[in-house]
Amino acid sequence: MSETHYQVLQVSTHATADEIKQSYRRLAKEFHPDVNGGSANADRIVQLNAAYEILGDDRKRREYDYLCTPAATIPRQQQAGAYIPRRPPTVGRELDEDLILWLNQVYQPINRTIGWIIKPLKNQIFELSADPFDDELMGKFEAYVTECQQHLQKIDKIFHSMPNPSLLAEVAANLYYTINQVADGVKELNFYIMNYDESYLHDGVEMFKIAAQLQKETNKKVKAYK
């Protein structure tokens, strides 16, 4: 099984906000290239950032804890945009069918679509780097961002199309945070298009990296049920 966000940050589930922040800073420093003679564990740094993105925010941490609790349920009217409906546990063949159905009709299409959003970014930035102020090149980049936004609309519909089985609560939670991270990244890319401020482009890239790591962790969790 893959690590939880608490395990990544090396804190207990009862850790205070200050303890989480201190542990994150300590680990971020430990894996920073300036401390390691120019070498760094890039994957671990992304994992740390992804974990702190959730546990460092009180609201996101509560949602993470709540969604990963077997009996958790979040009414749609109370958690707009964060709806992960649940159904009572079933047994035997019915449970197997629920798992397979949700994985095939929700998880897999979303996982595939997230890949369509994330993977082209590196090449898109490379092409744009030739001249960010060229209207034609920026037009192509803008078309890519628009396509990402359209993909996200489809993802939202699929994600809310059916309840997730109780056994897949953690998978659904990770998938939800991955979607949110991608959506935030797309927003940053769109800001960059509007004002050419490279800080937005940088933030968008970093958010996509975190989303890719979350997606990787989610895929590991899914394999445990196959």
# chains A, B, ... in the order shown; residues from 1 in each chain; ligands from 1
>>> residues_around(residues="range 199-207 of chain A", least_positions_apart="4", cutoff="8 Å", atoms="only C-alpha atoms", output="PyMOL selection string")
chain A and resi 121+181-182+184-189+191-192+211
>>> write_last_selection(atoms="C-alpha atoms", output="compact mmCIF listing (two decimals), in the first residue's frame")
# COMPACT_ATOMS: atom_id res chain seq x y z
CA LEU A 121 2.12 20.60 -20.85
CA GLN A 181 -4.92 20.26 -8.14
CA VAL A 182 -5.26 20.00 -11.92
CA ASP A 184 -5.99 25.00 -9.89
CA GLY A 185 -3.08 24.47 -12.26
CA VAL A 186 -5.23 25.22 -15.28
CA LYS A 187 -6.41 28.44 -13.61
CA GLU A 188 -2.78 29.51 -13.15
CA LEU A 189 -2.01 28.79 -16.80
CA PHE A 191 -3.77 33.77 -15.66
CA TYR A 192 -0.42 33.53 -17.44
CA ALA A 211 -1.31 16.35 -9.43
>>> residues_around(residues="range 138-141 of chain A", least_positions_apart="6", cutoff="12 Å", atoms="only C-alpha atoms", output="MDAnalysis selection string")
chainID A and resid 120:132 147:148 186 189:190 192:196 201
>>> residues_around(residues="Ile45 in chain A", least_positions_apart="3", cutoff="7 Å", atoms="only C-alpha atoms", output="list in words")
Ala28, Phe31, Asn41, Ala42, Leu48 and Asn49 of chain A
>>> write_last_selection(atoms="all heavy atoms", output="short mmCIF file (atom, residue, chain, number, x, y, z; two decimals), in the first residue's frame")
data_model
loop_
_atom_site.label_atom_id
_atom_site.label_comp_id
_atom_site.auth_asym_id
_atom_site.auth_seq_id
_atom_site.Cartn_x
_atom_site.Cartn_y
_atom_site.Cartn_z
N ALA A 28 11.60 19.09 3.90
CA ALA A 28 11.86 19.86 2.68
C ALA A 28 13.32 20.30 2.65
O ALA A 28 13.97 20.28 1.59
CB ALA A 28 10.95 21.09 2.63
N PHE A 31 15.67 17.26 1.88
CA PHE A 31 15.71 16.80 0.49
C PHE A 31 16.05 17.92 -0.50
O PHE A 31 16.06 17.70 -1.70
CB PHE A 31 14.37 16.17 0.11
CG PHE A 31 14.12 14.84 0.77
CD1 PHE A 31 13.31 14.75 1.89
CD2 PHE A 31 14.73 13.69 0.28
CE1 PHE A 31 13.09 13.53 2.51
CE2 PHE A 31 14.52 12.46 0.90
CZ PHE A 31 13.71 12.37 2.01
N ASN A 41 15.99 14.27 -4.20
CA ASN A 41 14.99 13.28 -4.56
C ASN A 41 13.75 14.03 -5.02
O ASN A 41 12.91 14.41 -4.22
CB ASN A 41 14.68 12.40 -3.35
CG ASN A 41 13.78 11.22 -3.71
OD1 ASN A 41 12.95 11.33 -4.60
ND2 ASN A 41 13.95 10.12 -3.00
N ALA A 42 13.66 14.25 -6.35
CA ALA A 42 12.57 15.07 -6.90
C ALA A 42 11.21 14.48 -6.58
O ALA A 42 10.27 15.21 -6.23
CB ALA A 42 12.75 15.22 -8.41
N LEU A 48 6.16 15.41 -0.68
CA LEU A 48 6.07 16.28 0.49
C LEU A 48 5.14 17.46 0.21
O LEU A 48 4.31 17.82 1.05
CB LEU A 48 7.47 16.80 0.86
CG LEU A 48 8.44 15.77 1.46
CD1 LEU A 48 9.83 16.37 1.57
CD2 LEU A 48 7.95 15.29 2.82
N ASN A 49 5.31 18.06 -0.96
CA ASN A 49 4.46 19.20 -1.32
C ASN A 49 2.99 18.80 -1.42
O ASN A 49 2.10 19.54 -0.99
CB ASN A 49 4.91 19.80 -2.65
CG ASN A 49 6.24 20.52 -2.54
OD1 ASN A 49 6.65 20.91 -1.45
ND2 ASN A 49 6.94 20.68 -3.64
#
>>> select_by_dssp(residues="chain A", states="helix (DSSP H, G or I)", output="ChimeraX atom specification")
/A:5-8,17-30,42-55,58-67,92-118,121-128,135-159,166-195,198-223
>>> closest_residue(among="A:Ala51, A:Val145, A:Val46, A:Ile118", to="Gln10 in chain A", atoms="only C-alpha atoms")
A:Ala51
>>> residues_around(residues="range 16-18 of chain A", least_positions_apart="5", cutoff="9 Å", atoms="only C-alpha atoms", output="number ranges by chain")
A: 23, 55-58
>>> closest_residue(among="A:Asp197, A:Asp43, A:Glu53, A:Asp135", to="Lys21 in chain A", atoms="only C-alpha atoms")
A:Glu53
>>> atom_distance(atom1="CA of Val222 in chain A", atom2="CA of Lys119 in chain A")
20.7 Å
>>> closest_residue(among="A:Asp134, A:Leu9, A:Leu152, A:Ser166", to="Gln22 in chain A", atoms="only C-alpha atoms")
A:Leu9
>>> closest_atom_pairs(of="range 123-181 of chain A", to="range 108-114 of chain A", cutoff="10 Å", atoms="only C-alpha atoms", output="Markdown table")
| residue | atom | partner | partner_atom | distance |
| --- | --- | --- | --- | --- |
| A:Cys148 | CA | A:Ile114 | CA | 8.9 |
| A:His151 | CA | A:Thr113 | CA | 6.7 |
| A:Leu152 | CA | A:Ile114 | CA | 8.2 |
| A:Lys154 | CA | A:Ile110 | CA | 8.5 |
| A:Ile155 | CA | A:Ile110 | CA | 5.7 |
| A:Asp156 | CA | A:Ile110 | CA | 8.8 |
| A:Lys157 | CA | A:Ile110 | CA | 9.9 |
| A:Ile158 | CA | A:Ile110 | CA | 7.3 |
| A:Phe159 | CA | A:Ile110 | CA | 7.5 |
| A:Leu175 | CA | A:Asn111 | CA | 8.2 |
| A:Thr178 | CA | A:Ile114 | CA | 8.6 |
| A:Ile179 | CA | A:Ile114 | CA | 7.7 |
